[in-house]
$ cat coords_5.txt   # compact mmCIF, C-alpha atoms and all ligand atoms
# COMPACT_ATOMS: atom_id res chain seq x y z
CA MET M 855 -41.97 -21.04 -47.97
CA ARG M 856 -40.47 -23.72 -45.77
CA ILE M 857 -42.99 -26.47 -45.05
CA VAL M 858 -42.15 -29.25 -42.60
CA VAL M 859 -44.03 -32.46 -43.33
CA VAL M 860 -44.21 -34.71 -40.27
CA GLY M 861 -44.65 -38.27 -41.51
CA GLY M 862 -43.22 -37.11 -44.83
CA ALA M 863 -42.09 -40.62 -45.79
CA GLY M 864 -45.58 -42.11 -45.46
CA ASP M 865 -48.25 -42.63 -48.10
CA LEU M 866 -49.93 -39.24 -47.69
CA GLY M 867 -46.85 -37.39 -46.42
CA SER M 868 -44.66 -38.32 -49.38
CA ARG M 869 -47.30 -36.87 -51.74
CA VAL M 870 -47.42 -33.68 -49.66
CA VAL M 871 -43.62 -33.41 -49.88
CA ARG M 872 -43.76 -33.91 -53.65
CA ASP M 873 -46.51 -31.33 -54.13
CA VAL M 874 -44.79 -28.69 -51.98
CA THR M 875 -41.62 -29.16 -54.03
CA THR M 876 -43.51 -29.08 -57.34
CA ARG M 877 -44.97 -25.72 -56.35
CA GLY M 878 -41.46 -24.33 -55.81
CA HIS M 879 -41.35 -24.31 -52.01
CA ASP M 880 -38.99 -26.06 -49.58
CA ALA M 881 -40.33 -29.31 -48.14
CA VAL M 882 -38.64 -30.85 -45.11
CA SER M 883 -39.63 -34.44 -44.41
CA ALA M 884 -39.58 -35.09 -40.66
CA SER M 885 -40.13 -38.40 -38.92
CA ARG M 886 -38.20 -40.89 -36.83
CA ARG M 887 -36.07 -41.85 -39.82
CA THR M 888 -34.85 -38.23 -39.99
CA GLY M 889 -34.42 -37.92 -36.20
CA VAL M 890 -37.79 -36.35 -35.40
CA ASP M 891 -40.08 -38.26 -33.03
CA ILE M 892 -43.30 -36.47 -32.17
CA ALA M 893 -44.08 -39.07 -29.48
CA THR M 894 -40.98 -38.20 -27.45
CA GLY M 895 -40.37 -34.71 -28.80
CA GLN M 896 -36.87 -35.62 -30.01
CA GLY M 897 -35.73 -33.19 -32.72
CA LEU M 898 -39.18 -31.59 -32.95
CA LYS M 899 -38.49 -28.00 -31.87
CA ALA M 900 -35.33 -27.82 -33.99
CA ALA M 901 -37.30 -29.05 -37.02
CA LEU M 902 -40.05 -26.44 -36.59
CA VAL M 903 -38.04 -23.40 -35.58
CA ASP M 904 -37.60 -21.98 -39.10
CA ALA M 905 -40.81 -23.39 -40.56
CA ASP M 906 -43.59 -21.32 -42.11
CA ALA M 907 -46.02 -24.19 -41.64
CA VAL M 908 -46.05 -27.82 -40.56
CA VAL M 909 -48.27 -30.54 -42.03
CA ASN M 910 -49.03 -33.50 -39.77
CA CYS M 911 -49.28 -36.74 -41.76
CA ALA M 912 -47.68 -38.89 -39.04
CA ASP M 913 -49.53 -41.75 -37.47
CA ASP M 914 -48.96 -45.19 -36.04
CA THR M 915 -52.19 -47.09 -35.50
CA SER M 916 -50.33 -49.92 -33.75
CA ARG M 917 -49.47 -47.67 -30.78
CA GLY M 918 -52.97 -46.83 -29.53
CA ASP M 919 -53.25 -43.23 -28.31
CA THR M 920 -49.48 -42.63 -28.36
CA VAL M 921 -49.00 -41.13 -31.81
CA THR M 922 -52.59 -40.54 -32.96
CA VAL M 923 -53.62 -38.51 -29.89
CA TYR M 924 -50.73 -37.60 -27.57
CA ALA M 925 -48.00 -37.01 -30.14
CA ALA M 926 -50.40 -34.92 -32.24
CA ARG M 927 -50.96 -32.76 -29.13
CA ARG M 928 -47.21 -32.50 -28.52
CA LEU M 929 -46.74 -31.38 -32.09
CA ALA M 930 -49.60 -28.86 -31.77
CA ASP M 931 -48.15 -27.46 -28.50
CA THR M 932 -44.69 -27.07 -30.06
CA ALA M 933 -46.10 -25.43 -33.19
CA ALA M 934 -48.25 -23.11 -31.02
CA ASP M 935 -45.22 -22.07 -28.90
CA LEU M 936 -43.34 -21.17 -32.08
CA GLY M 937 -46.36 -19.57 -33.79
CA VAL M 938 -46.11 -22.06 -36.67
CA HIS M 939 -49.31 -22.88 -38.60
CA LEU M 940 -50.22 -26.58 -38.25
CA ALA M 941 -52.22 -28.31 -40.99
CA HIS M 942 -53.52 -31.65 -39.71
CA ILE M 943 -55.23 -34.53 -41.51
CA SER M 944 -58.30 -36.10 -39.97
CA ILE M 945 -61.24 -38.22 -41.11
CA VAL M 946 -64.78 -37.37 -42.27
CA GLY M 947 -67.65 -38.45 -40.04
CA ILE M 948 -65.82 -39.06 -36.76
CA ASP M 949 -68.03 -36.88 -34.54
CA ASP M 950 -70.41 -39.68 -33.71
CA HIS M 951 -68.62 -42.90 -34.57
CA PRO M 952 -67.85 -45.66 -32.06
CA MET M 953 -64.80 -47.03 -33.91
CA THR M 954 -61.81 -46.73 -31.57
CA TYR M 955 -59.49 -45.22 -34.17
CA TYR M 956 -62.05 -42.60 -35.18
CA ARG M 957 -62.55 -41.66 -31.52
CA ARG M 958 -58.80 -41.20 -31.25
CA LYS M 959 -58.78 -38.98 -34.33
CA LEU M 960 -61.54 -36.84 -32.76
CA ARG M 961 -59.55 -36.52 -29.51
CA ALA M 962 -56.53 -35.52 -31.59
CA GLU M 963 -58.59 -32.71 -33.16
CA GLN M 964 -59.72 -31.58 -29.71
CA GLY M 965 -56.12 -31.57 -28.45
CA ILE M 966 -54.99 -29.50 -31.40
CA ALA M 967 -57.76 -26.96 -30.77
CA ALA M 968 -56.82 -26.82 -27.07
CA ALA M 969 -53.16 -26.13 -27.93
CA GLY M 970 -54.35 -22.69 -29.04
CA GLY M 971 -52.00 -22.06 -31.96
CA PRO M 972 -52.89 -21.40 -35.59
CA ALA M 973 -54.12 -24.73 -36.91
CA THR M 974 -56.24 -26.02 -39.78
CA ILE M 975 -57.84 -29.45 -39.64
CA LEU M 976 -58.72 -31.14 -42.92
CA ARG M 977 -61.01 -34.15 -42.81
CA ALA M 978 -60.83 -36.60 -45.72
CA THR M 979 -62.71 -39.80 -46.51
CA GLN M 980 -60.96 -43.17 -46.88
CA PHE M 981 -58.20 -43.23 -49.49
CA HIS M 982 -58.84 -45.40 -52.57
CA SER M 983 -56.15 -47.85 -51.45
CA LEU M 984 -57.91 -48.36 -48.10
CA ALA M 985 -61.30 -48.82 -49.79
CA ALA M 986 -59.74 -51.49 -52.02
CA PHE M 987 -58.22 -53.12 -48.94
CA PHE M 988 -61.63 -53.20 -47.22
CA ALA M 989 -63.20 -54.74 -50.33
CA ARG M 990 -60.48 -57.43 -50.47
CA THR M 991 -60.69 -58.12 -46.74
CA LEU M 992 -64.46 -58.59 -46.89
CA THR M 993 -64.17 -60.95 -49.87
CA LEU M 994 -63.58 -64.67 -49.51
CA GLY M 995 -63.48 -66.53 -52.81
CA PRO M 996 -66.59 -65.50 -54.77
CA LEU M 997 -68.36 -64.08 -51.68
CA THR M 998 -68.25 -60.50 -50.40
CA ALA M 999 -69.70 -59.71 -46.99
CA THR M 1000 -71.28 -56.31 -46.47
CA ILE M 1001 -72.33 -54.98 -43.09
CA GLY M 1002 -75.84 -53.75 -43.72
CA ASP M 1003 -75.80 -50.99 -46.33
CA MET M 1004 -72.11 -50.14 -45.88
CA ALA M 1005 -70.78 -47.67 -48.46
CA LEU M 1006 -67.73 -45.44 -48.82
CA GLN M 1007 -66.90 -42.31 -50.79
CA PRO M 1008 -63.18 -42.97 -51.26
CA VAL M 1009 -60.78 -40.28 -52.33
CA ASP M 1010 -57.56 -40.02 -54.31
CA THR M 1011 -54.67 -39.54 -51.86
CA ASP M 1012 -53.02 -37.05 -54.25
CA PHE M 1013 -56.13 -34.85 -54.10
CA VAL M 1014 -55.97 -34.85 -50.29
CA ALA M 1015 -52.26 -34.03 -50.36
CA GLN M 1016 -52.86 -31.10 -52.72
CA ARG M 1017 -55.56 -29.71 -50.45
CA LEU M 1018 -53.25 -29.99 -47.41
CA VAL M 1019 -50.58 -28.07 -49.32
CA ASP M 1020 -53.14 -25.39 -50.30
CA LEU M 1021 -53.92 -24.98 -46.60
CA ALA M 1022 -50.28 -24.95 -45.47
CA LEU M 1023 -49.40 -22.25 -48.01
CA ALA M 1024 -52.41 -20.09 -47.12
CA PRO M 1025 -52.28 -17.37 -44.45
CA PRO M 1026 -52.54 -18.95 -40.99
CA PRO M 1027 -55.90 -18.72 -39.24
CA THR M 1028 -56.39 -17.25 -35.78
CA GLY M 1029 -56.68 -20.28 -33.53
CA CYS M 1030 -57.92 -23.63 -34.79
CA THR M 1031 -60.26 -23.91 -37.76
CA ARG M 1032 -61.79 -26.71 -39.86
CA ALA M 1033 -61.35 -26.65 -43.62
CA THR M 1034 -64.12 -27.95 -45.87
CA ASP M 1035 -64.05 -31.76 -45.89
CA VAL M 1036 -62.72 -33.53 -48.98
CA ALA M 1037 -64.02 -36.70 -50.64
CA GLY M 1038 -63.87 -38.50 -53.95
CA PRO M 1039 -66.53 -38.14 -56.65
CA ASP M 1040 -68.48 -41.38 -56.07
CA VAL M 1041 -70.28 -43.20 -53.28
CA LEU M 1042 -69.75 -46.95 -53.71
CA THR M 1043 -71.16 -49.87 -51.75
CA ILE M 1044 -68.80 -52.61 -50.62
CA GLY M 1045 -70.38 -54.86 -53.25
CA GLU M 1046 -69.60 -52.30 -55.97
CA LEU M 1047 -66.04 -51.84 -54.70
CA ALA M 1048 -65.46 -55.61 -54.55
CA THR M 1049 -66.89 -56.03 -58.07
CA LEU M 1050 -64.46 -53.42 -59.44
CA VAL M 1051 -61.50 -54.87 -57.51
CA ARG M 1052 -62.25 -58.41 -58.73
CA ALA M 1053 -62.76 -57.22 -62.33
CA HIS M 1054 -59.35 -55.50 -62.10
CA ARG M 1055 -57.72 -58.92 -61.76
CA GLY M 1056 -60.04 -60.55 -64.29
CA ALA M 1057 -62.41 -62.21 -61.80
CA SER M 1058 -66.20 -62.28 -62.02
CA ALA M 1059 -68.51 -60.18 -59.86
CA PRO M 1060 -68.82 -61.52 -56.30
CA HIS M 1061 -71.99 -62.73 -54.68
CA VAL M 1062 -72.75 -60.14 -52.00
CA VAL M 1063 -73.87 -61.46 -48.63
CA ARG M 1064 -75.55 -58.90 -46.39
CA ILE M 1065 -74.74 -59.21 -42.68
CA PRO M 1066 -77.39 -57.43 -40.60
CA PRO M 1067 -75.84 -54.79 -38.34
CA VAL M 1068 -75.83 -55.73 -34.67
CA GLY M 1069 -74.59 -53.28 -32.04
CA GLY M 1070 -73.41 -49.69 -32.24
CA LEU M 1071 -70.26 -50.21 -34.28
CA MET M 1072 -71.93 -52.30 -36.98
CA ARG M 1073 -74.84 -49.83 -37.12
CA ALA M 1074 -72.40 -46.93 -37.64
CA VAL M 1075 -70.70 -48.86 -40.44
CA SER M 1076 -74.04 -49.82 -41.99
CA GLU M 1077 -75.21 -46.20 -41.85
CA SER M 1078 -72.02 -45.17 -43.73
CA ARG M 1079 -71.32 -42.35 -41.29
CA THR M 1080 -67.95 -41.67 -42.93
CA VAL M 1081 -69.70 -40.66 -46.16
CA PRO M 1082 -70.09 -36.87 -46.09
CA VAL M 1083 -73.58 -35.42 -46.03
CA ALA M 1084 -74.41 -34.40 -49.62
CA GLY M 1085 -73.21 -30.89 -50.44
CA THR M 1086 -70.92 -30.52 -47.42
CA ALA M 1087 -67.61 -31.71 -48.91
CA ASP M 1088 -65.40 -30.64 -51.78
CA LEU M 1089 -65.33 -33.55 -54.23
CA GLY M 1090 -62.42 -34.18 -56.55
CA GLY M 1091 -59.45 -36.25 -57.67
CA ARG M 1092 -59.55 -39.47 -59.65
CA THR M 1093 -62.57 -41.74 -59.29
CA PHE M 1094 -61.99 -45.14 -57.69
CA GLU M 1095 -62.16 -46.73 -61.14
CA GLU M 1096 -59.57 -44.32 -62.57
CA TRP M 1097 -57.27 -44.96 -59.61
CA LEU M 1098 -57.75 -48.73 -59.93
CA ALA M 1099 -56.86 -48.66 -63.63
CA ALA M 1100 -53.45 -47.23 -62.70
CA GLN M 1101 -52.69 -50.03 -60.19
CA PRO M 1102 -50.88 -53.31 -60.86
CA PRO M 1103 -53.22 -56.33 -61.36
CA ARG M 1104 -52.39 -57.70 -57.92
CA LEU M 1105 -53.23 -55.15 -55.21
CA THR M 1106 -51.26 -55.27 -51.97
CA GLY M 1107 -51.16 -53.28 -48.74
CA ARG M 1108 -53.70 -50.70 -47.65
N1 LIG M 1201 -55.62 -44.13 -45.17
C1 LIG M 1201 -56.79 -43.47 -45.23
O1 LIG M 1201 -57.75 -43.91 -45.86
C2 LIG M 1201 -56.92 -42.13 -44.52
C3 LIG M 1201 -58.08 -41.36 -44.69
C4 LIG M 1201 -58.18 -40.13 -44.04
C5 LIG M 1201 -57.14 -39.69 -43.22
N2 LIG M 1201 -56.03 -40.47 -43.08
C6 LIG M 1201 -54.95 -40.00 -42.20
O2 LIG M 1201 -53.78 -39.83 -42.96
C7 LIG M 1201 -52.66 -39.88 -42.07
C8 LIG M 1201 -51.48 -40.55 -42.76
O3 LIG M 1201 -51.83 -41.83 -43.16
P1 LIG M 1201 -50.80 -42.67 -44.06
O4 LIG M 1201 -51.54 -43.85 -44.54
O5 LIG M 1201 -50.09 -41.77 -45.02
O6 LIG M 1201 -49.75 -43.15 -42.94
P2 LIG M 1201 -48.40 -43.96 -43.17
O7 LIG M 1201 -48.15 -44.27 -44.60
O8 LIG M 1201 -48.44 -45.10 -42.18
O9 LIG M 1201 -47.26 -42.94 -42.70
C9 LIG M 1201 -47.17 -42.53 -41.37
C10 LIG M 1201 -45.82 -41.87 -41.16
O10 LIG M 1201 -45.78 -41.44 -39.78
C11 LIG M 1201 -44.42 -41.50 -39.37
N3 LIG M 1201 -44.41 -41.66 -37.91
C12 LIG M 1201 -44.92 -42.69 -37.18
N4 LIG M 1201 -44.67 -42.49 -35.89
C13 LIG M 1201 -44.00 -41.31 -35.78
C14 LIG M 1201 -43.46 -40.58 -34.70
N5 LIG M 1201 -43.54 -41.02 -33.43
N6 LIG M 1201 -42.84 -39.40 -34.96
C15 LIG M 1201 -42.71 -38.94 -36.23
N7 LIG M 1201 -43.21 -39.59 -37.30
C16 LIG M 1201 -43.84 -40.78 -37.07
C17 LIG M 1201 -43.81 -42.69 -40.09
O11 LIG M 1201 -42.44 -42.44 -40.42
P3 LIG M 1201 -41.24 -43.01 -39.51
O12 LIG M 1201 -41.42 -44.49 -39.45
O13 LIG M 1201 -39.99 -42.56 -40.21
O14 LIG M 1201 -41.39 -42.35 -38.16
C18 LIG M 1201 -44.63 -42.78 -41.39
O15 LIG M 1201 -43.92 -42.31 -42.50
C19 LIG M 1201 -53.18 -40.52 -40.78
O16 LIG M 1201 -53.28 -39.52 -39.78
C20 LIG M 1201 -54.58 -41.01 -41.13
O17 LIG M 1201 -55.50 -40.93 -40.05
C21 LIG M 1201 -55.90 -41.66 -43.71

$ encode --input "coords_5.txt" --output "structure tokens" --more "lines below"
Ligand SMILES: NC(=O)c1ccc[n+]([C@@H]2O[C@H](COP(=O)([O-])OP(=O)(O)OC[C@H]3O[C@@H](n4cnc5c(N)ncnc54)[C@H](OP(=O)(O)O)[C@@H]3O)[C@@H](O)[C@H]2O)c1
Amino acid sequence: MRIVVVGGAGDLGSRVVRDVTTRGHDAVSASRRTGVDIATGQGLKAALVDADAVVNCADDTSRGDTVTVYAARRLADTAADLGVHLAHISIVGIDDHPMTYYRRKLRAEQGIAAAGGPATILRATQFHSLAAFFARTLTLGPLTATIGDMALQPVDTDFVAQRLVDLALAPPPTGCTRATDVAGPDVLTIGELATLVRAHRGASAPHVVRIPPVGGLMRAVSESRTVPVAGTADLGGRTFEEWLAAQPPRLTGR
């Protein structure tokens, strides 16, 4: 099969490209660096015309609604016109979350459903690298701040990529459907994440300072709404600790 991966040079997209190829199918990486811009539509139809499926891993959080919401809709409309199955990545727990980015991701899902073509939406929890970034960001010296009871159930990006490829290679659904959510094996508090991240570079466990949640956003974070309800998600991939053990001592990026 010929699978177009929009955002195929990104963190998730590059793993999707690799997995498609490993399974013996043709992967076509499409993004601005290959002349495909889903925000303007440049090169999009030509990229999709011979595709069996398209996986959307493109995003640009610095551009507000432009890529996350509107370009996702443009991609969904183009795929629907051509009858190409769209597999789209989204985030667990965004139905009732006040965070601006999560609201955008929900609107993107709604736009994809409204486009009317065959589409499968996969929601994943935060990738291990992002969980480590949060833990580092909330740590200053020996102190880690946690908003209320904040916890995450981070997931191995390779596991998410494999599931997206499973979906792209499967028969297309009629209309838009949601796949079973995916998450990693463990729920970890920010204190536990920060302890593991500090131990990875040989530092002692942090002192965890609890900040009481004030306002809707902090309450949503404190209630860990992005952790899937027990029994509702497929769990798999490397644990956070296994992922961390494979990283260089000094973590960078997100
Ligand atoms: N990180 C997490 O914890 C997490 C968890 C769940 C879901 N997700 C979802 O996973 C997705 C991918 O995240 P990521 O971290 O892999 O992103 P990433 O590394 O930033 O990659 C995004 C890619 O999108 C491409 N892109 C940006 N604007 C574009 C445009 N206008 N047209 C075409 N391509 C464009 C970029 O390539 P060019 O510069 O070449 O255009 C880039 O390679 C996002 O939708 C995110 O919501 C992430």

$ residues_near_ligand --input "coords_5.txt" --ligand "ligand LIG 1201 (chain M)" --cutoff "7 Å" --atoms "only C-alpha atoms and all ligand atoms" --output "JSON, numbers by chain"
{"M": [860, 861, 862, 863, 864, 865, 866, 867, 884, 885, 886, 887, 888, 890, 891, 892, 893, 911, 912, 913, 914, 921, 922, 925, 943, 944, 945, 959, 977, 978, 979, 980, 981, 982, 984]}

$ residues_around --input "coords_5.txt" --residues "Gly1091 (chain M)" --least-positions-apart "2" --cutoff "8 Å" --atoms "all atoms listed in the file" --output "number ranges by chain"
M: 1009-1010, 1012-1013, 1038-1039, 1089, 1093

$ atom_distance --input "coords_5.txt" --atom1 "CA of Ala1057 (chain M)" --atom2 "CA of Met1004 (chain M)"
22.2 Å

$ residues_around --input "coords_5.txt" --residues "Ala989 (chain M)" --least-positions-apart "4" --cutoff "7 Å" --atoms "all atoms listed in the file" --output "list of chain:residue names"
M:Ala985, M:Thr993, M:Ile1044, M:Leu1047, M:Ala1048

$ residues_around --input "coords_5.txt" --residues "Arg1017 (chain M)" --least-positions-apart "5" --cutoff "9 Å" --atoms "only C-alpha atoms" --output "CSV table (one decimal) with C-alpha atoms, keeping the file's coordinate frame"
chain,number,residue,atom,x,y,z
M,976,LEU,CA,-58.7,-31.1,-42.9
M,1012,ASP,CA,-53.0,-37.0,-54.2
M,1022,ALA,CA,-50.3,-25.0,-45.5
M,1036,VAL,CA,-62.7,-33.5,-49.0

$ residues_around --input "coords_5.txt" --residues "Tyr955 (chain M)" --least-positions-apart "3" --cutoff "9 Å" --atoms "all atoms listed in the file" --output "list in words"
Thr915, Gly918, Asp919, Thr922, Pro952, Arg958, Lys959 and Leu960 of chain M

$ write_last_selection --input "coords_5.txt" --atoms "C-alpha atoms" --output "CSV table (one decimal), keeping the file's coordinate frame"
chain,number,residue,atom,x,y,z
M,915,THR,CA,-52.2,-47.1,-35.5
M,918,GLY,CA,-53.0,-46.8,-29.5
M,919,ASP,CA,-53.2,-43.2,-28.3
M,922,THR,CA,-52.6,-40.5,-33.0
M,952,PRO,CA,-67.8,-45.7,-32.1
M,958,ARG,CA,-58.8,-41.2,-31.2
M,959,LYS,CA,-58.8,-39.0,-34.3
M,960,LEU,CA,-61.5,-36.8,-32.8

$ closest_residue --input "coords_5.txt" --among "M:Thr1031, M:Thr1080, M:Thr932, M:Thr974" --to "Leu1018 (chain M)" --atoms "all atoms listed in the file"
M:Thr974

$ residues_around --input "coords_5.txt" --residues "Ala1087 (chain M)" --least-positions-apart "2" --cutoff "9 Å" --atoms "all atoms listed in the file" --output "ChimeraX atom specification"
/M:978,1034-1037,1082-1085,1089

$ closest_residue --input "coords_5.txt" --among "M:Leu940, M:Val882, M:Leu1006, M:Ala986" --to "Ser1076 (chain M)" --atoms "all atoms listed in the file"
M:Leu1006

$ closest_residue --input "coords_5.txt" --among "M:Gly1056, M:Gly1045, M:Gly1029, M:Gly1070" --to "Ala930 (chain M)" --atoms "only C-alpha atoms"
M:Gly1029

$ atom_distance --input "coords_5.txt" --atom1 "CA of Tyr924 (chain M)" --atom2 "CA of Ala968 (chain M)"
12.4 Å

$ atom_distance --input "coords_5.txt" --atom1 "CA of Ala1005 (chain M)" --atom2 "CA of Arg869 (chain M)"
26.1 Å

$ residues_near_point --input "coords_5.txt" --point "(-45.3, -24.8, -44.7)" --cutoff "10 Å" --atoms "all atoms listed in the file" --output "number ranges by chain"
M: 855-859, 874, 879-882, 902, 904-909, 938-941, 1018-1024

$ closest_residue --input "coords_5.txt" --among "M:Asp1088, M:Ala926, M:His1054, M:Val1014" --to "Ala1100 (chain M)" --atoms "only C-alpha atoms"
M:His1054

$ axis_aligned_box --input "coords_5.txt" --around "region 1010-1029 of chain M" --padding-each-side "6 Å" --output "lines of an AutoDock Vina configuration file"
center_x = -53.5
center_y = -28.6
center_z = -43.9
size_x = 20.2
size_y = 34.8
size_z = 32.8

$ closest_residue --input "coords_5.txt" --among "M:Gly1069, M:Pro1008, M:Gln896, M:Glu1077" --to "Phe987 (chain M)" --atoms "only C-alpha atoms"
M:Pro1008

$ build_atoms --input "coords_5.txt" --residues "region 1099-1107 of chain M" --atoms "all heavy atoms" --output "PDB file, in the coordinates of the input"
ATOM      1  N   ALA M1099     -57.440 -48.376 -62.313  1.00  0.00           N
ATOM      2  CA  ALA M1099     -56.860 -48.660 -63.630  1.00  0.00           C
ATOM      3  C   ALA M1099     -55.358 -48.389 -63.662  1.00  0.00           C
ATOM      4  O   ALA M1099     -54.641 -48.946 -64.501  1.00  0.00           O
ATOM      5  CB  ALA M1099     -57.573 -47.809 -64.692  1.00  0.00           C
ATOM      6  N   ALA M1100     -54.883 -47.564 -62.744  1.00  0.00           N
ATOM      7  CA  ALA M1100     -53.450 -47.230 -62.700  1.00  0.00           C
ATOM      8  C   ALA M1100     -52.666 -48.159 -61.769  1.00  0.00           C
ATOM      9  O   ALA M1100     -51.455 -47.989 -61.601  1.00  0.00           O
ATOM     10  CB  ALA M1100     -53.281 -45.775 -62.263  1.00  0.00           C
ATOM     11  N   GLN M1101     -53.354 -49.128 -61.148  1.00  0.00           N
ATOM     12  CA  GLN M1101     -52.690 -50.030 -60.190  1.00  0.00           C
ATOM     13  C   GLN M1101     -52.261 -51.323 -60.889  1.00  0.00           C
ATOM     14  O   GLN M1101     -52.855 -51.713 -61.898  1.00  0.00           O
ATOM     15  CB  GLN M1101     -53.628 -50.369 -59.023  1.00  0.00           C
ATOM     16  CG  GLN M1101     -54.203 -49.165 -58.309  1.00  0.00           C
ATOM     17  CD  GLN M1101     -53.146 -48.169 -57.889  1.00  0.00           C
ATOM     18  OE1 GLN M1101     -52.191 -48.533 -57.210  1.00  0.00           O
ATOM     19  NE2 GLN M1101     -53.296 -46.913 -58.303  1.00  0.00           N
ATOM     20  N   PRO M1102     -51.250 -52.001 -60.318  1.00  0.00           N
ATOM     21  CA  PRO M1102     -50.880 -53.310 -60.860  1.00  0.00           C
ATOM     22  C   PRO M1102     -52.032 -54.295 -60.659  1.00  0.00           C
ATOM     23  O   PRO M1102     -52.880 -54.080 -59.787  1.00  0.00           O
ATOM     24  CB  PRO M1102     -49.648 -53.719 -60.021  1.00  0.00           C
ATOM     25  CG  PRO M1102     -49.698 -52.877 -58.808  1.00  0.00           C
ATOM     26  CD  PRO M1102     -50.436 -51.622 -59.160  1.00  0.00           C
ATOM     27  N   PRO M1103     -52.089 -55.388 -61.463  1.00  0.00           N
ATOM     28  CA  PRO M1103     -53.220 -56.330 -61.360  1.00  0.00           C
ATOM     29  C   PRO M1103     -53.389 -56.882 -59.939  1.00  0.00           C
ATOM     30  O   PRO M1103     -54.505 -57.059 -59.476  1.00  0.00           O
ATOM     31  CB  PRO M1103     -52.843 -57.444 -62.335  1.00  0.00           C
ATOM     32  CG  PRO M1103     -51.820 -56.868 -63.232  1.00  0.00           C
ATOM     33  CD  PRO M1103     -51.128 -55.760 -62.505  1.00  0.00           C
ATOM     34  N   ARG M1104     -52.290 -57.143 -59.274  1.00  0.00           N
ATOM     35  CA  ARG M1104     -52.390 -57.700 -57.920  1.00  0.00           C
ATOM     36  C   ARG M1104     -52.211 -56.569 -56.901  1.00  0.00           C
ATOM     37  O   ARG M1104     -51.115 -56.011 -56.760  1.00  0.00           O
ATOM     38  CB  ARG M1104     -51.307 -58.768 -57.728  1.00  0.00           C
ATOM     39  CG  ARG M1104     -51.440 -59.542 -56.456  1.00  0.00           C
ATOM     40  CD  ARG M1104     -50.409 -60.664 -56.386  1.00  0.00           C
ATOM     41  NE  ARG M1104     -50.073 -60.988 -55.008  1.00  0.00           N
ATOM     42  CZ  ARG M1104     -50.900 -61.577 -54.162  1.00  0.00           C
ATOM     43  NH1 ARG M1104     -52.101 -61.917 -54.545  1.00  0.00           N
ATOM     44  NH2 ARG M1104     -50.526 -61.819 -52.915  1.00  0.00           N
ATOM     45  N   LEU M1105     -53.288 -56.229 -56.197  1.00  0.00           N
ATOM     46  CA  LEU M1105     -53.230 -55.150 -55.210  1.00  0.00           C
ATOM     47  C   LEU M1105     -52.636 -55.689 -53.915  1.00  0.00           C
ATOM     48  O   LEU M1105     -52.939 -56.804 -53.498  1.00  0.00           O
ATOM     49  CB  LEU M1105     -54.622 -54.601 -54.921  1.00  0.00           C
ATOM     50  CG  LEU M1105     -55.387 -54.001 -56.103  1.00  0.00           C
ATOM     51  CD1 LEU M1105     -56.807 -53.635 -55.676  1.00  0.00           C
ATOM     52  CD2 LEU M1105     -54.665 -52.772 -56.641  1.00  0.00           C
ATOM     53  N   THR M1106     -51.811 -54.880 -53.276  1.00  0.00           N
ATOM     54  CA  THR M1106     -51.260 -55.270 -51.970  1.00  0.00           C
ATOM     55  C   THR M1106     -51.389 -54.084 -51.020  1.00  0.00           C
ATOM     56  O   THR M1106     -51.610 -52.951 -51.453  1.00  0.00           O
ATOM     57  CB  THR M1106     -49.763 -55.643 -52.070  1.00  0.00           C
ATOM     58  OG1 THR M1106     -49.073 -54.553 -52.678  1.00  0.00           O
ATOM     59  CG2 THR M1106     -49.547 -56.909 -52.861  1.00  0.00           C
ATOM     60  N   GLY M1107     -51.189 -54.346 -49.744  1.00  0.00           N
ATOM     61  CA  GLY M1107     -51.160 -53.280 -48.740  1.00  0.00           C
ATOM     62  C   GLY M1107     -52.496 -52.602 -48.567  1.00  0.00           C
ATOM     63  O   GLY M1107     -53.535 -53.091 -48.986  1.00  0.00           O
TER      64      GLY M1107
END
